[in-house]
Amino acid sequence: MEALLLAGGKAERLGEAAQGLPKPLVPVAGFPLAEYTVARLVGAGVTRVIVACRTGQEEAFVNALGGLGAEVVPVGEPAPLGRGGGLRLAASQRKEAGRVLAMNGDELLDVDFPALLAQHDASAAAATIVCAQVRSPFGIVDLHDDGTVTGFREAPLLEEWVNSGVYVLGEEALDRLPEKGDHEKSTFPQLAAEGKLRGFRHTGIWLTVNTPKDLRSAEAYMSEHPEWRPHRVVS
């Protein structure tokens, strides 16, 4: 089984905390961010991970992500292609036909990949996106129409579901990825309008690492949860 990993992020918002590394290779509790994802993919049966990265960074990804039990195949983008273009480029290096797991390489989720794939296969959708809920960055005021305040809620989960950046892409979805640009602004809206897009509700962990504050939070979480620690395959 193969997977596509988007790894072209430059970590601009992380600043000096990125240590000059591509964001997916920024260390979190002693391991590159993407290493956690690759380890979880291996645990779900993935044997080949195709990484869309910036040209010149191929060797860095092989060195950082090799030895986890999956072949790491870096594909350097000759020019910035956007997330959709990056996925399309990575998909061009597949050895297998059919649906494929795809995801951002700079986020941490404990998605149940077998359940995700099973739901996708049962739905006959062109693509399935993993959806999660986020907490409000602010406290919420419960306010009646007449202006009466009845209570407060500190950073509650919002009712809406958001795209977490993990997908299952079938052949039709792969064929419709843009050569350049963002699939979330083209391919996915088109599939949704045609009734060919499904969502998988994820209620577990979702850690984004976009800012130094996010990085500190991820460091704290991973330090407290050793079960996430990747394990190298002994040859």
# chains A, B, ... in the order shown; residues from 1 in each chain; ligands from 1
$ select_by_dssp --residues "region 76-183 of chain A" --states "helix (DSSP H, G or I)" --output "ChimeraX atom specification"
/A:82-91,113-123,171-175,183
$ closest_atom_pairs --of "region 1-33 of chain A" --to "region 109-129 of chain A" --cutoff "12 Å" --atoms "only C-alpha atoms" --output "Markdown table"
| residue | atom | partner | partner_atom | distance |
| --- | --- | --- | --- | --- |
| A:Met1 | CA | A:Leu117 | CA | 11.4 |
| A:Ala3 | CA | A:Phe113 | CA | 11.1 |
| A:Leu33 | CA | A:Leu109 | CA | 11.2 |
$ closest_atom_pairs --of "region 81-101 of chain A" --to "region 44-65 of chain A" --cutoff "7 Å" --atoms "only C-alpha atoms" --output "CSV"
residue,atom,partner,partner_atom,distance
A:Gly86,CA,A:Ala52,CA,5.7
A:Leu87,CA,A:Ala52,CA,6.9
A:Ala90,CA,A:Ala52,CA,5.5
$ write_last_selection --atoms "all heavy atoms" --output "PDB file, in the first residue's frame"
ATOM      1  N   GLY A  86       1.465  19.461  -6.045  1.00  0.00           N
ATOM      2  CA  GLY A  86       2.404  18.572  -5.364  1.00  0.00           C
ATOM      3  C   GLY A  86       1.866  17.156  -5.251  1.00  0.00           C
ATOM      4  O   GLY A  86       2.593  16.180  -5.460  1.00  0.00           O
ATOM      5  N   LEU A  87       0.579  17.042  -4.911  1.00  0.00           N
ATOM      6  CA  LEU A  87      -0.037  15.716  -4.840  1.00  0.00           C
ATOM      7  C   LEU A  87      -0.046  15.039  -6.206  1.00  0.00           C
ATOM      8  O   LEU A  87       0.207  13.840  -6.317  1.00  0.00           O
ATOM      9  CB  LEU A  87      -1.469  15.829  -4.306  1.00  0.00           C
ATOM     10  CG  LEU A  87      -1.626  16.014  -2.801  1.00  0.00           C
ATOM     11  CD1 LEU A  87      -3.096  16.212  -2.442  1.00  0.00           C
ATOM     12  CD2 LEU A  87      -1.062  14.822  -2.035  1.00  0.00           C
ATOM     13  N   ALA A  90       3.448  13.780  -6.945  1.00  0.00           N
ATOM     14  CA  ALA A  90       3.756  12.587  -6.155  1.00  0.00           C
ATOM     15  C   ALA A  90       3.001  11.376  -6.694  1.00  0.00           C
ATOM     16  O   ALA A  90       3.555  10.282  -6.805  1.00  0.00           O
ATOM     17  CB  ALA A  90       3.407  12.825  -4.689  1.00  0.00           C
TER      18      ALA A  90
END
$ atom_distance --atom1 "CA of Gly20 (chain A)" --atom2 "CA of Val72 (chain A)"
21.8 Å
$ select_by_dssp --residues "region 33-125 of chain A" --states "strand (DSSP E or B)" --output "PDB file with all heavy atoms, in the first residue's frame"
ATOM      1  N   ARG A  48       5.141   2.042   1.060  1.00  0.00           N
ATOM      2  CA  ARG A  48       5.848   2.970   0.161  1.00  0.00           C
ATOM      3  C   ARG A  48       5.245   4.361   0.348  1.00  0.00           C
ATOM      4  O   ARG A  48       4.047   4.556   0.138  1.00  0.00           O
ATOM      5  CB  ARG A  48       5.692   2.503  -1.290  1.00  0.00           C
ATOM      6  CG  ARG A  48       6.586   3.200  -2.300  1.00  0.00           C
ATOM      7  CD  ARG A  48       6.587   2.438  -3.624  1.00  0.00           C
ATOM      8  NE  ARG A  48       7.527   3.018  -4.587  1.00  0.00           N
ATOM      9  CZ  ARG A  48       7.167   3.885  -5.537  1.00  0.00           C
ATOM     10  NH1 ARG A  48       5.889   4.250  -5.671  1.00  0.00           N
ATOM     11  NH2 ARG A  48       8.072   4.374  -6.366  1.00  0.00           N
ATOM     12  N   VAL A  49       6.062   5.317   0.742  1.00  0.00           N
ATOM     13  CA  VAL A  49       5.613   6.694   0.975  1.00  0.00           C
ATOM     14  C   VAL A  49       6.280   7.602  -0.043  1.00  0.00           C
ATOM     15  O   VAL A  49       7.511   7.707  -0.083  1.00  0.00           O
ATOM     16  CB  VAL A  49       5.951   7.158   2.406  1.00  0.00           C
ATOM     17  CG1 VAL A  49       5.477   8.598   2.612  1.00  0.00           C
ATOM     18  CG2 VAL A  49       5.303   6.237   3.437  1.00  0.00           C
ATOM     19  N   ILE A  50       5.482   8.262  -0.867  1.00  0.00           N
ATOM     20  CA  ILE A  50       5.994   9.173  -1.890  1.00  0.00           C
ATOM     21  C   ILE A  50       5.888  10.591  -1.343  1.00  0.00           C
ATOM     22  O   ILE A  50       4.792  11.054  -1.014  1.00  0.00           O
ATOM     23  CB  ILE A  50       5.204   9.030  -3.196  1.00  0.00           C
ATOM     24  CG1 ILE A  50       5.173   7.564  -3.638  1.00  0.00           C
ATOM     25  CG2 ILE A  50       5.825   9.898  -4.288  1.00  0.00           C
ATOM     26  CD1 ILE A  50       4.232   7.290  -4.793  1.00  0.00           C
ATOM     27  N   VAL A  51       7.015  11.256  -1.226  1.00  0.00           N
ATOM     28  CA  VAL A  51       7.089  12.557  -0.571  1.00  0.00           C
ATOM     29  C   VAL A  51       7.273  13.662  -1.603  1.00  0.00           C
ATOM     30  O   VAL A  51       8.283  13.685  -2.328  1.00  0.00           O
ATOM     31  CB  VAL A  51       8.254  12.596   0.441  1.00  0.00           C
ATOM     32  CG1 VAL A  51       8.300  13.948   1.152  1.00  0.00           C
ATOM     33  CG2 VAL A  51       8.131  11.458   1.450  1.00  0.00           C
ATOM     34  N   ALA A  52       6.322  14.581  -1.688  1.00  0.00           N
ATOM     35  CA  ALA A  52       6.457  15.749  -2.549  1.00  0.00           C
ATOM     36  C   ALA A  52       7.178  16.836  -1.757  1.00  0.00           C
ATOM     37  O   ALA A  52       6.639  17.367  -0.784  1.00  0.00           O
ATOM     38  CB  ALA A  52       5.086  16.245  -3.006  1.00  0.00           C
ATOM     39  N   CYS A  53       8.412  17.148  -2.150  1.00  0.00           N
ATOM     40  CA  CYS A  53       9.225  18.106  -1.414  1.00  0.00           C
ATOM     41  C   CYS A  53       9.836  19.116  -2.377  1.00  0.00           C
ATOM     42  O   CYS A  53       9.651  19.040  -3.585  1.00  0.00           O
ATOM     43  CB  CYS A  53      10.316  17.384  -0.626  1.00  0.00           C
ATOM     44  SG  CYS A  53      11.481  16.448  -1.643  1.00  0.00           S
ATOM     45  N   ARG A  54      10.561  20.057  -1.824  1.00  0.00           N
ATOM     46  CA  ARG A  54      11.245  21.046  -2.646  1.00  0.00           C
ATOM     47  C   ARG A  54      12.500  20.419  -3.255  1.00  0.00           C
ATOM     48  O   ARG A  54      13.184  19.617  -2.616  1.00  0.00           O
ATOM     49  CB  ARG A  54      11.608  22.257  -1.798  1.00  0.00           C
ATOM     50  CG  ARG A  54      10.385  22.988  -1.242  1.00  0.00           C
ATOM     51  CD  ARG A  54      10.783  23.992  -0.164  1.00  0.00           C
ATOM     52  NE  ARG A  54      11.605  25.067  -0.692  1.00  0.00           N
ATOM     53  CZ  ARG A  54      11.124  26.178  -1.243  1.00  0.00           C
ATOM     54  NH1 ARG A  54       9.815  26.339  -1.350  1.00  0.00           N
ATOM     55  NH2 ARG A  54      11.937  27.121  -1.682  1.00  0.00           N
ATOM     56  N   GLU A  71       9.432   2.156   2.164  1.00  0.00           N
ATOM     57  CA  GLU A  71      10.318   2.812   1.207  1.00  0.00           C
ATOM     58  C   GLU A  71       9.923   4.282   1.104  1.00  0.00           C
ATOM     59  O   GLU A  71       8.743   4.609   0.957  1.00  0.00           O
ATOM     60  CB  GLU A  71      10.180   2.147  -0.164  1.00  0.00           C
ATOM     61  CG  GLU A  71      11.042   2.783  -1.240  1.00  0.00           C
ATOM     62  CD  GLU A  71      10.768   2.230  -2.627  1.00  0.00           C
ATOM     63  OE1 GLU A  71       9.831   1.402  -2.774  1.00  0.00           O
ATOM     64  OE2 GLU A  71      11.479   2.639  -3.571  1.00  0.00           O
ATOM     65  N   VAL A  72      10.891   5.170   1.194  1.00  0.00           N
ATOM     66  CA  VAL A  72      10.640   6.601   1.082  1.00  0.00           C
ATOM     67  C   VAL A  72      11.103   7.069  -0.289  1.00  0.00           C
ATOM     68  O   VAL A  72      12.280   6.930  -0.636  1.00  0.00           O
ATOM     69  CB  VAL A  72      11.359   7.390   2.200  1.00  0.00           C
ATOM     70  CG1 VAL A  72      11.155   8.892   2.011  1.00  0.00           C
ATOM     71  CG2 VAL A  72      10.852   6.943   3.571  1.00  0.00           C
ATOM     72  N   VAL A  73      10.173   7.599  -1.071  1.00  0.00           N
ATOM     73  CA  VAL A  73      10.455   8.026  -2.442  1.00  0.00           C
ATOM     74  C   VAL A  73      10.238   9.531  -2.535  1.00  0.00           C
ATOM     75  O   VAL A  73       9.105  10.003  -2.653  1.00  0.00           O
ATOM     76  CB  VAL A  73       9.547   7.294  -3.451  1.00  0.00           C
ATOM     77  CG1 VAL A  73       9.902   7.704  -4.874  1.00  0.00           C
ATOM     78  CG2 VAL A  73       9.639   5.789  -3.273  1.00  0.00           C
ATOM     79  N   PRO A  74      11.295  10.349  -2.457  1.00  0.00           N
ATOM     80  CA  PRO A  74      11.120  11.795  -2.548  1.00  0.00           C
ATOM     81  C   PRO A  74      10.987  12.234  -4.005  1.00  0.00           C
ATOM     82  O   PRO A  74      11.665  11.709  -4.894  1.00  0.00           O
ATOM     83  CB  PRO A  74      12.400  12.344  -1.924  1.00  0.00           C
ATOM     84  CG  PRO A  74      13.428  11.297  -2.224  1.00  0.00           C
ATOM     85  CD  PRO A  74      12.704   9.976  -2.217  1.00  0.00           C
ATOM     86  N   VAL A  75      10.101  13.192  -4.233  1.00  0.00           N
ATOM     87  CA  VAL A  75       9.900  13.755  -5.568  1.00  0.00           C
ATOM     88  C   VAL A  75      10.058  15.268  -5.432  1.00  0.00           C
ATOM     89  O   VAL A  75       9.214  15.941  -4.829  1.00  0.00           O
ATOM     90  CB  VAL A  75       8.514  13.413  -6.131  1.00  0.00           C
ATOM     91  CG1 VAL A  75       8.383  13.933  -7.556  1.00  0.00           C
ATOM     92  CG2 VAL A  75       8.271  11.908  -6.089  1.00  0.00           C
ATOM     93  N   GLY A  76      11.136  15.808  -5.967  1.00  0.00           N
ATOM     94  CA  GLY A  76      11.390  17.240  -5.870  1.00  0.00           C
ATOM     95  C   GLY A  76      10.567  18.038  -6.871  1.00  0.00           C
ATOM     96  O   GLY A  76      10.522  17.690  -8.055  1.00  0.00           O
ATOM     97  N   GLU A  77       9.913  19.086  -6.400  1.00  0.00           N
ATOM     98  CA  GLU A  77       9.156  19.962  -7.283  1.00  0.00           C
ATOM     99  C   GLU A  77      10.120  20.906  -8.001  1.00  0.00           C
ATOM    100  O   GLU A  77      10.850  21.657  -7.341  1.00  0.00           O
ATOM    101  CB  GLU A  77       8.131  20.774  -6.504  1.00  0.00           C
ATOM    102  CG  GLU A  77       7.075  19.934  -5.787  1.00  0.00           C
ATOM    103  CD  GLU A  77       6.063  20.793  -5.050  1.00  0.00           C
ATOM    104  OE1 GLU A  77       6.018  22.021  -5.306  1.00  0.00           O
ATOM    105  OE2 GLU A  77       5.325  20.238  -4.213  1.00  0.00           O
ATOM    106  N   VAL A 100      -5.559   5.876  -2.858  1.00  0.00           N
ATOM    107  CA  VAL A 100      -4.303   6.040  -2.133  1.00  0.00           C
ATOM    108  C   VAL A 100      -4.514   7.019  -0.983  1.00  0.00           C
ATOM    109  O   VAL A 100      -5.301   7.961  -1.089  1.00  0.00           O
ATOM    110  CB  VAL A 100      -3.186   6.541  -3.087  1.00  0.00           C
ATOM    111  CG1 VAL A 100      -3.514   7.916  -3.630  1.00  0.00           C
ATOM    112  CG2 VAL A 100      -1.825   6.539  -2.415  1.00  0.00           C
ATOM    113  N   LEU A 101      -3.842   6.783   0.125  1.00  0.00           N
ATOM    114  CA  LEU A 101      -3.841   7.731   1.226  1.00  0.00           C
ATOM    115  C   LEU A 101      -2.976   8.934   0.856  1.00  0.00           C
ATOM    116  O   LEU A 101      -1.922   8.781   0.229  1.00  0.00           O
ATOM    117  CB  LEU A 101      -3.292   7.086   2.494  1.00  0.00           C
ATOM    118  CG  LEU A 101      -4.185   6.065   3.205  1.00  0.00           C
ATOM    119  CD1 LEU A 101      -3.376   5.261   4.197  1.00  0.00           C
ATOM    120  CD2 LEU A 101      -5.327   6.800   3.925  1.00  0.00           C
ATOM    121  N   ALA A 102      -3.411  10.123   1.248  1.00  0.00           N
ATOM    122  CA  ALA A 102      -2.636  11.341   0.996  1.00  0.00           C
ATOM    123  C   ALA A 102      -2.818  12.278   2.172  1.00  0.00           C
ATOM    124  O   ALA A 102      -3.900  12.333   2.772  1.00  0.00           O
ATOM    125  CB  ALA A 102      -3.095  12.003  -0.304  1.00  0.00           C
ATOM    126  N   MET A 103      -1.776  13.043   2.484  1.00  0.00           N
ATOM    127  CA  MET A 103      -1.891  13.915   3.659  1.00  0.00           C
ATOM    128  C   MET A 103      -0.767  14.953   3.696  1.00  0.00           C
ATOM    129  O   MET A 103       0.252  14.824   3.024  1.00  0.00           O
ATOM    130  CB  MET A 103      -1.822  13.085   4.943  1.00  0.00           C
ATOM    131  CG  MET A 103      -0.521  12.344   5.142  1.00  0.00           C
ATOM    132  SD  MET A 103      -0.757  10.821   6.062  1.00  0.00           S
ATOM    133  CE  MET A 103      -1.788   9.899   4.921  1.00  0.00           C
ATOM    134  N   ASN A 104      -1.002  15.974   4.522  1.00  0.00           N
ATOM    135  CA  ASN A 104       0.031  16.958   4.806  1.00  0.00           C
ATOM    136  C   ASN A 104       1.086  16.317   5.697  1.00  0.00           C
ATOM    137  O   ASN A 104       0.766  15.531   6.598  1.00  0.00           O
ATOM    138  CB  ASN A 104      -0.563  18.174   5.514  1.00  0.00           C
ATOM    139  CG  ASN A 104      -1.554  18.920   4.659  1.00  0.00           C
ATOM    140  OD1 ASN A 104      -1.443  18.950   3.432  1.00  0.00           O
ATOM    141  ND2 ASN A 104      -2.546  19.531   5.284  1.00  0.00           N
ATOM    142  N   GLU A 107       1.481  17.785  10.128  1.00  0.00           N
ATOM    143  CA  GLU A 107       0.446  17.752  11.155  1.00  0.00           C
ATOM    144  C   GLU A 107       0.454  16.380  11.805  1.00  0.00           C
ATOM    145  O   GLU A 107       0.944  15.408  11.241  1.00  0.00           O
ATOM    146  CB  GLU A 107      -0.924  18.065  10.545  1.00  0.00           C
ATOM    147  CG  GLU A 107      -0.947  19.421   9.865  1.00  0.00           C
ATOM    148  CD  GLU A 107      -2.316  19.774   9.296  1.00  0.00           C
ATOM    149  OE1 GLU A 107      -3.268  19.813  10.079  1.00  0.00           O
ATOM    150  OE2 GLU A 107      -2.406  20.001   8.085  1.00  0.00           O
ATOM    151  N   LEU A 108      -0.118  16.305  12.995  1.00  0.00           N
ATOM    152  CA  LEU A 108      -0.115  15.068  13.767  1.00  0.00           C
ATOM    153  C   LEU A 108      -1.550  14.663  14.093  1.00  0.00           C
ATOM    154  O   LEU A 108      -2.258  15.379  14.796  1.00  0.00           O
ATOM    155  CB  LEU A 108       0.683  15.266  15.058  1.00  0.00           C
ATOM    156  CG  LEU A 108       2.164  15.622  14.882  1.00  0.00           C
ATOM    157  CD1 LEU A 108       2.763  16.095  16.200  1.00  0.00           C
ATOM    158  CD2 LEU A 108       2.941  14.425  14.355  1.00  0.00           C
ATOM    159  N   LEU A 109      -1.975  13.512  13.567  1.00  0.00           N
ATOM    160  CA  LEU A 109      -3.311  12.989  13.826  1.00  0.00           C
ATOM    161  C   LEU A 109      -3.215  11.496  14.116  1.00  0.00           C
ATOM    162  O   LEU A 109      -2.402  10.798  13.520  1.00  0.00           O
ATOM    163  CB  LEU A 109      -4.249  13.183  12.624  1.00  0.00           C
ATOM    164  CG  LEU A 109      -4.552  14.598  12.164  1.00  0.00           C
ATOM    165  CD1 LEU A 109      -3.608  15.015  11.050  1.00  0.00           C
ATOM    166  CD2 LEU A 109      -5.995  14.704  11.688  1.00  0.00           C
TER     167      LEU A 109
END
$ closest_residue --among "A:Gly9, A:Val162, A:Leu169, A:Gly84" --to "Leu21 (chain A)" --atoms "only C-alpha atoms"
A:Gly9
